[in-house]
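*Asks:* Just so it is clear, I am handing over my_file35.txt, which has compact mmCIF, C-alpha atoms and all ligand atoms.
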```txt
# COMPACT_ATOMS: atom_id res chain seq x y z
CA MET R 106 116.26 102.85 83.24
CA HIS R 107 119.61 104.30 82.13
CA GLU R 108 122.54 102.84 84.07
CA LEU R 109 123.74 106.26 85.25
CA ALA R 110 120.25 107.17 86.47
CA ARG R 111 120.04 103.85 88.34
CA GLU R 112 123.46 104.38 89.97
CA THR R 113 122.45 107.89 91.06
CA LEU R 114 119.14 106.65 92.40
CA GLU R 115 120.79 103.85 94.34
CA LYS R 116 123.38 106.17 95.87
CA ARG R 117 120.77 108.73 96.92
CA THR R 118 118.55 105.99 98.31
CA ASN R 119 121.47 104.59 100.32
CA ASP R 120 122.33 108.06 101.62
CA LEU R 121 118.71 108.78 102.57
CA ILE R 122 118.17 105.44 104.33
CA GLY R 123 121.51 105.89 106.10
CA GLU R 124 120.24 109.10 107.69
CA TYR R 125 117.74 106.95 109.61
CA ASP R 126 120.22 104.66 111.32
CA PHE R 127 119.06 104.53 114.96
CA GLU R 128 122.45 105.45 116.40
CA LYS R 129 122.82 108.40 114.03
CA ARG R 130 119.24 109.61 114.22
CA LYS R 131 119.08 109.64 118.00
CA LYS R 132 121.89 112.23 117.94
CA THR R 133 120.72 114.33 114.99
CA HIS R 134 116.94 114.28 115.66
CA PRO R 135 116.31 113.24 119.28
CA GLU R 136 112.96 115.08 119.24
CA GLU R 137 111.50 112.62 116.71
CA CYS R 138 111.10 109.61 118.98
CA ILE R 139 111.00 108.87 122.68
CA CYS R 140 113.18 105.82 121.96
CA TYR R 141 115.97 108.19 120.91
CA GLN R 142 115.60 110.21 124.06
CA GLN R 143 115.68 107.11 126.25
CA ASN R 144 118.25 105.31 124.10
CA VAL R 145 116.04 102.22 123.94
CA LYS R 146 115.46 100.47 120.63
CA CYS R 147 111.94 99.42 119.70
CA HIS R 148 113.38 96.31 118.02
CA ASN R 149 116.34 94.30 119.20
CA LEU R 150 118.45 94.82 116.09
CA GLU R 151 122.12 95.76 116.01
CA ASN R 152 121.65 98.11 113.03
CA LEU R 153 118.08 99.26 113.58
CA ASN R 154 116.95 101.53 110.75
CA CYS R 155 114.05 103.90 111.39
CA PHE R 156 113.17 105.00 107.85
CA PHE R 157 110.09 102.76 107.81
CA CYS R 158 109.05 103.38 111.39
CA LEU R 159 105.59 102.51 110.12
CA CYS R 160 105.87 99.39 107.97
CA PRO R 161 104.36 99.82 104.49
CA ASN R 162 102.90 96.31 104.86
CA TYR R 163 100.83 97.26 107.90
CA ASP R 164 97.16 97.05 106.98
CA MET R 165 95.40 100.10 108.35
CA SER R 166 92.16 99.37 106.49
CA ILE R 167 91.26 96.98 109.33
CA LYS R 168 90.42 98.46 112.71
CA GLU R 169 92.64 95.98 114.55
CA GLY R 170 95.45 96.33 112.01
CA GLY R 171 97.07 93.45 110.16
CA CYS R 172 99.89 92.41 107.87
CA LYS R 173 99.33 92.66 104.14
CA ILE R 174 101.93 89.94 103.47
CA ASN R 175 100.83 87.68 106.34
CA SER R 176 104.24 87.63 107.96
CA PRO R 177 104.48 84.80 110.51
CA ASN R 178 106.31 87.22 112.81
CA GLY R 179 103.26 89.39 113.45
CA LYS R 180 100.40 88.40 115.73
CA TYR R 181 97.22 89.72 117.29
CA ILE R 182 97.42 90.53 120.96
CA PRO R 183 94.48 91.17 123.27
CA THR R 184 93.63 94.70 124.42
CA MET R 185 90.99 96.10 126.78
CA LYS R 186 88.69 96.62 123.78
CA GLY R 187 89.49 93.58 121.64
CA LYS R 188 92.75 92.96 119.86
CA ILE R 189 95.48 94.75 117.92
CA PHE R 190 98.05 93.52 115.43
CA ASP R 191 101.50 93.53 117.00
CA CYS R 192 104.67 93.73 114.86
CA SER R 193 107.22 93.89 117.65
CA ALA R 194 108.71 90.50 116.70
CA CYS R 195 109.13 91.42 113.03
CA ASN R 196 112.32 93.15 111.93
CA PHE R 197 111.44 93.31 108.24
CA PRO R 198 111.29 97.06 107.56
CA HIS R 199 114.07 97.91 110.00
CA GLU R 200 116.98 96.21 108.28
CA LYS R 201 118.81 98.79 106.13
CA GLU R 202 118.87 96.48 103.11
CA ASP R 203 115.11 95.80 103.29
CA ALA R 204 114.29 99.52 103.64
CA ARG R 205 116.53 100.27 100.67
CA ASN R 206 114.89 97.61 98.51
CA ILE R 207 111.35 98.76 99.39
CA LEU R 208 112.19 102.34 98.42
CA LEU R 209 114.00 101.40 95.20
CA LYS R 210 111.04 99.22 94.20
CA VAL R 211 108.68 102.19 94.59
CA TYR R 212 110.93 104.38 92.43
CA THR R 213 111.46 101.85 89.68
CA GLU R 214 107.86 100.72 89.44
CA ASN R 215 106.47 104.21 88.87
S1 LIG R 301 111.60 102.62 114.34
FE1 LIG R 301 110.28 104.32 114.97
S2 LIG R 301 109.67 103.85 117.10
FE2 LIG R 301 111.46 102.59 116.58
S3 LIG R 301 113.22 103.76 117.34
FE3 LIG R 301 112.91 104.22 115.16
S4 LIG R 301 111.66 106.07 115.11
FE4 LIG R 301 111.49 105.17 117.14
S1 LIG R 302 104.42 91.80 110.55
FE1 LIG R 302 106.33 92.68 109.69
S2 LIG R 302 105.94 92.89 107.50
FE2 LIG R 302 103.94 92.63 108.51
S3 LIG R 302 103.20 94.69 108.91
FE3 LIG R 302 104.28 94.03 110.74
S4 LIG R 302 106.39 94.80 110.48
FE4 LIG R 302 105.38 94.83 108.47
```
Can you present the structure in this file as structure tokens?
*Replies:*
Amino acid sequence: MHELARETLEKRTNDLIGEYDFEKRKKTHPEECICYQQNVKCHNLENLNCFFCLCPNYDMSIKEGGCKINSPNGKYIPTMKGKIFDCSACNFPHEKEDARNILLKVYTEN
């Protein structure tokens, strides 16, 4: 990829991801999430980023859910009807840098 194209892509990706900073988003789009309305973060992260609210590694091909990369931070928890995969202890997609790298990888691989 041409250097100028890469620089432009990186800047736009940074700008886009930045729009999903929890503190910013709760003010600009409070209707999007009850967490914004209640000012309660779903993950205990200082700079929670909401771009990947649904982690791209979450395996939805399995009824109970799962983690495609087998993160040690996810685990199955019991429910009334069986079990469900719980990601609440995993911060992976909610760090700005991780979200940025996931998105850039998608752009540059296609
Ligand atoms: S990551 Fe999703 S559920 Fe969590 S605060 Fe952001 S928008 Fe809400
Ligand atoms: S455990 Fe982490 S990496 Fe795996 S699906 Fe859940 S949030 Fe994504």
*Asks:* Atom CA of Thr118 of chain R and atom CA of Cys192 of chain R are how many Å apart?
*Replies:*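 Interatomic distance, atom CA of Thr118 of chain R to atom CA of Cys192 of chain R: 24.8 Å.
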*Asks:* Can you work out which one of R:Pro183, R:Ile189, R:Glu214, R:Cys155 has the shortest atom-to-atom distance to Leu121 of chain R, counting all atoms listed in the file?
*Replies:*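 The answer is R:Cys155, which sits nearest to Leu121 of chain R.
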*Asks:* Pick out the residues no farther than 12 Å from ligand LIG 302 (chain R), counting all atoms listed in the file, and list them as a PyMOL selection string.
*Replies:* chain R and resi 147-148+155+157-165+170-181+189-200+203-204+207
*Asks:* Separation of atom CA of Glu151 of chain R and atom CA of Val211 of chain R, in Å?
*Replies:*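 Answer for the atom CA of Glu151 of chain R to atom CA of Val211 of chain R separation: 26.1 Å.
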*Asks:* So which residues touch Met106 of chain R within 12 Å, counting only C-alpha atoms, skipping near sequence neighbours fewer than 5 positions away, as a list in words?
*Replies:*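 Near neighbours after the sequence-gap exclusion: Arg111, Glu112, Thr113, Leu114, Tyr212, Thr213, Glu214 and Asn215 of chain R.
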*Asks:* Record the distance separating atom CA of Ala110 of chain R and atom CA of Leu208 of chain R, expressed in Å with one decimal.
*Replies:*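 Separation between atom CA of Ala110 of chain R and atom CA of Leu208 of chain R: 15.2 Å.
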*Asks:* For ligand LIG 301 (chain R), which residue among R:His107, R:Lys131, R:Lys168, R:Arg117 is the nearest when counting all atoms listed in the file?
*Replies:*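 Nearest to ligand LIG 301 (chain R): R:Lys131.
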*Asks:* Skip Lys132 of chain R itself and residues of its chain fewer than 4 positions away, then list as number ranges by chain all residues within 10 Å of it, counting all atoms listed in the file.
*Replies:* R: 127-128, 136, 141-142, 144
*Asks:* Point out the residue among R:Glu115, R:Glu169, R:Glu124, R:Glu108 with the least atom-to-atom distance to ligand LIG 301 (chain R), counting only C-alpha atoms and all ligand atoms.
*Replies:* R:Glu124
*Asks:* Which is closer to Leu209 of chain R than all the others in R:Leu150, R:Val145, R:Met185, R:Ile122, using all atoms listed in the file?
*Replies:* R:Ile122
*Asks:* My list of candidates is R:Lys116, R:His134, R:Lys188, R:Lys210. Which is closest to ligand LIG 301 (chain R) when distances are computed with all atoms listed in the file?
*Replies:*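 Nearest to ligand LIG 301 (chain R): R:His134.
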